[in-house]
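Colleague: What follows is the file final.pdb, containing PDB, C-alpha atoms:
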```pdb
ATOM      1  CA  MET A   1     128.397  86.539  95.259  1.00  0.00           C
ATOM      2  CA  SER A   2     127.403  85.821  98.832  1.00  0.00           C
ATOM      3  CA  LYS A   3     129.605  86.450 101.829  1.00  0.00           C
ATOM      4  CA  ARG A   4     129.480  84.862 105.241  1.00  0.00           C
ATOM      5  CA  LEU A   5     129.403  87.105 108.327  1.00  0.00           C
ATOM      6  CA  GLN A   6     130.187  85.870 111.797  1.00  0.00           C
ATOM      7  CA  VAL A   7     128.975  87.864 114.782  1.00  0.00           C
ATOM      8  CA  ILE A   8     129.732  86.915 118.375  1.00  0.00           C
ATOM      9  CA  LEU A   9     126.858  87.571 120.793  1.00  0.00           C
ATOM     10  CA  GLN A  10     126.455  87.122 124.493  1.00  0.00           C
ATOM     11  CA  ASP A  11     123.980  84.385 125.455  1.00  0.00           C
ATOM     12  CA  PRO A  12     121.229  86.821 126.568  1.00  0.00           C
ATOM     13  CA  GLU A  13     121.461  88.763 123.276  1.00  0.00           C
ATOM     14  CA  TYR A  14     121.321  85.563 121.264  1.00  0.00           C
ATOM     15  CA  ARG A  15     118.298  84.294 123.176  1.00  0.00           C
ATOM     16  CA  ASP A  16     116.481  87.607 122.620  1.00  0.00           C
ATOM     17  CA  ILE A  17     117.124  87.462 118.883  1.00  0.00           C
ATOM     18  CA  GLN A  18     116.147  83.801 118.793  1.00  0.00           C
ATOM     19  CA  ARG A  19     112.874  84.581 120.602  1.00  0.00           C
ATOM     20  CA  ILE A  20     112.061  87.482 118.273  1.00  0.00           C
ATOM     21  CA  ALA A  21     112.847  85.465 115.139  1.00  0.00           C
ATOM     22  CA  ARG A  22     110.761  82.550 116.375  1.00  0.00           C
ATOM     23  CA  SER A  23     107.818  84.862 117.121  1.00  0.00           C
ATOM     24  CA  ARG A  24     107.973  86.088 113.514  1.00  0.00           C
ATOM     25  CA  ARG A  25     108.273  82.526 112.201  1.00  0.00           C
ATOM     26  CA  MET A  26     111.645  83.103 110.606  1.00  0.00           C
ATOM     27  CA  SER A  27     115.143  81.811 111.057  1.00  0.00           C
ATOM     28  CA  ILE A  28     117.671  83.793 113.050  1.00  0.00           C
ATOM     29  CA  ALA A  29     119.673  84.285 109.846  1.00  0.00           C
ATOM     30  CA  GLU A  30     116.673  85.754 108.018  1.00  0.00           C
ATOM     31  CA  TRP A  31     115.848  88.029 110.962  1.00  0.00           C
ATOM     32  CA  VAL A  32     119.458  89.268 111.053  1.00  0.00           C
ATOM     33  CA  ARG A  33     119.466  89.868 107.269  1.00  0.00           C
ATOM     34  CA  GLN A  34     116.253  91.903 107.548  1.00  0.00           C
ATOM     35  CA  ALA A  35     117.554  93.843 110.561  1.00  0.00           C
ATOM     36  CA  LEU A  36     120.790  94.683 108.736  1.00  0.00           C
ATOM     37  CA  SER A  37     118.866  95.664 105.599  1.00  0.00           C
ATOM     38  CA  HIS A  38     116.648  97.977 107.657  1.00  0.00           C
ATOM     39  CA  ALA A  39     119.672  99.517 109.396  1.00  0.00           C
ATOM     40  CA  ARG A  40     121.402 100.055 106.041  1.00  0.00           C
ATOM     41  CA  ARG A  41     118.348 101.885 104.650  1.00  0.00           C
ATOM     42  CA  GLN A  42     118.377 104.212 107.663  1.00  0.00           C
ATOM     43  CA  GLU A  43     121.938 105.329 106.946  1.00  0.00           C
ATOM     44  CA  PRO A  44     122.271 108.429 104.786  1.00  0.00           C
ATOM     45  CA  GLY A  45     123.439 107.485 101.334  1.00  0.00           C
ATOM     46  CA  GLY A  46     125.593 109.274  98.859  1.00  0.00           C
ATOM     47  CA  ASP A  47     128.221 111.933  99.073  1.00  0.00           C
ATOM     48  CA  VAL A  48     127.185 114.793 101.366  1.00  0.00           C
ATOM     49  CA  SER A  49     129.299 117.297  99.430  1.00  0.00           C
ATOM     50  CA  LYS A  50     127.490 116.366  96.182  1.00  0.00           C
ATOM     51  CA  LYS A  51     124.107 116.857  97.846  1.00  0.00           C
ATOM     52  CA  LEU A  52     125.131 120.246  99.229  1.00  0.00           C
ATOM     53  CA  ALA A  53     126.478 121.293  95.830  1.00  0.00           C
ATOM     54  CA  ALA A  54     123.133 120.380  94.215  1.00  0.00           C
ATOM     55  CA  VAL A  55     121.185 122.376  96.812  1.00  0.00           C
ATOM     56  CA  ARG A  56     123.503 125.384  96.406  1.00  0.00           C
ATOM     57  CA  ALA A  57     123.181 125.223  92.600  1.00  0.00           C
ATOM     58  CA  ALA A  58     119.394 125.114  92.837  1.00  0.00           C
ATOM     59  CA  ALA A  59     119.369 128.034  95.281  1.00  0.00           C
ATOM     60  CA  ARG A  60     121.215 130.235  92.757  1.00  0.00           C
ATOM     61  CA  HIS A  61     118.215 130.171  90.415  1.00  0.00           C
ATOM     62  CA  ASN A  62     115.473 132.747  90.682  1.00  0.00           C
ATOM     63  CA  PHE A  63     112.389 131.055  89.288  1.00  0.00           C
ATOM     64  CA  PRO A  64     109.017 132.768  89.605  1.00  0.00           C
ATOM     65  CA  THR A  65     106.723 131.375  92.251  1.00  0.00           C
ATOM     66  CA  GLY A  66     103.249 132.118  93.464  1.00  0.00           C
ATOM     67  CA  ASP A  67     102.203 133.681  96.717  1.00  0.00           C
ATOM     68  CA  ILE A  68     102.556 131.023  99.425  1.00  0.00           C
ATOM     69  CA  ASP A  69      99.261 131.913 101.132  1.00  0.00           C
ATOM     70  CA  GLN A  70      97.409 131.684  97.822  1.00  0.00           C
ATOM     71  CA  MET A  71      99.039 128.359  96.943  1.00  0.00           C
ATOM     72  CA  LEU A  72      98.228 126.878 100.352  1.00  0.00           C
ATOM     73  CA  GLY A  73      94.640 128.105 100.030  1.00  0.00           C
ATOM     74  CA  GLU A  74      94.303 126.459  96.626  1.00  0.00           C
ATOM     75  CA  ILE A  75      95.728 123.206  97.950  1.00  0.00           C
ATOM     76  CA  GLU A  76      93.338 123.272 100.903  1.00  0.00           C
ATOM     77  CA  SER A  77      90.365 123.984  98.673  1.00  0.00           C
ATOM     78  CA  GLY A  78      91.354 121.013  96.515  1.00  0.00           C
ATOM     79  CA  TYR A  79      91.379 118.780  99.591  1.00  0.00           C
ATOM     80  CA  ASN A  80      87.987 120.106 100.668  1.00  0.00           C
ATOM     81  CA  SER A  81      86.430 119.598  97.223  1.00  0.00           C
ATOM     82  CA  GLY A  82      86.889 115.845  97.496  1.00  0.00           C
ATOM     83  CA  MET A  83      88.871 115.675  94.272  1.00  0.00           C
ATOM     84  CA  LYS A  84      91.269 112.745  94.019  1.00  0.00           C
ATOM     85  CA  PRO A  85      94.863 113.428  92.847  1.00  0.00           C
TER      86      PRO A  85
END
```
I'd like the structure from this file rewritten - as structure tokens, please.
Modeller:
Amino acid sequence: MSKRLQVILQDPEYRDIQRIARSRRMSIAEWVRQALSHARRQEPGGDVSKKLAAVRAAARHNFPTGDIDQMLGEIESGYNSGMKP
């Protein structure tokens, strides 16, 4: 279902948006939809407490790992060998 959104803008703001939309060959409505979509993607999603709980649960584990200097050296040598991932 679609919803209608009304936003009141001052004339200078409206003209700026109109100019930008025109320069991108799109309607003002499409430019606003894309701008809102972009802004929504920039907002952190999900429950912060759930994310922290997941990080804390993962930190309780004690998995074996390699030496960081050795791992970084192996990664670098892979880059230098020209091998593709």
Colleague: Quick check, in Å to one decimal: how far apart do CA of Pro12 in chain A and CA of Ile28 in chain A lie?
Modeller: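 A separation of 14.3 Å between them.
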Colleague: Would you compute the distance between CA of Tyr14 in chain A and CA of Pro44 in chain A? Give it in Å to one decimal.
Modeller: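 Computed distance, CA of Tyr14 in chain A to CA of Pro44 in chain A, equals 28.2 Å.
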Colleague: Just how far from CA of Gln6 in chain A is CA of Val32 in chain A, in Å to one decimal?
Modeller: 11.3 Å
Colleague: Using only the atoms of range 20-35 of chain A listed in the file, plus 3 Å on each side, state the axis-aligned box centre and edge lengths in Å rounded to one decimal, as JSON.
Modeller:
```
{"center_x": 113.7, "center_y": 87.8, "center_z": 112.8, "size_x": 17.9, "size_y": 18.0, "size_z": 17.0}
```
Colleague: With only C-alpha atoms as the basis for distance, which of A:Asn62, A:Ser81, A:Gln34, A:Gln42 is at the shortest distance from Ala21 in chain A?
Modeller: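 Closest candidate: A:Gln34.
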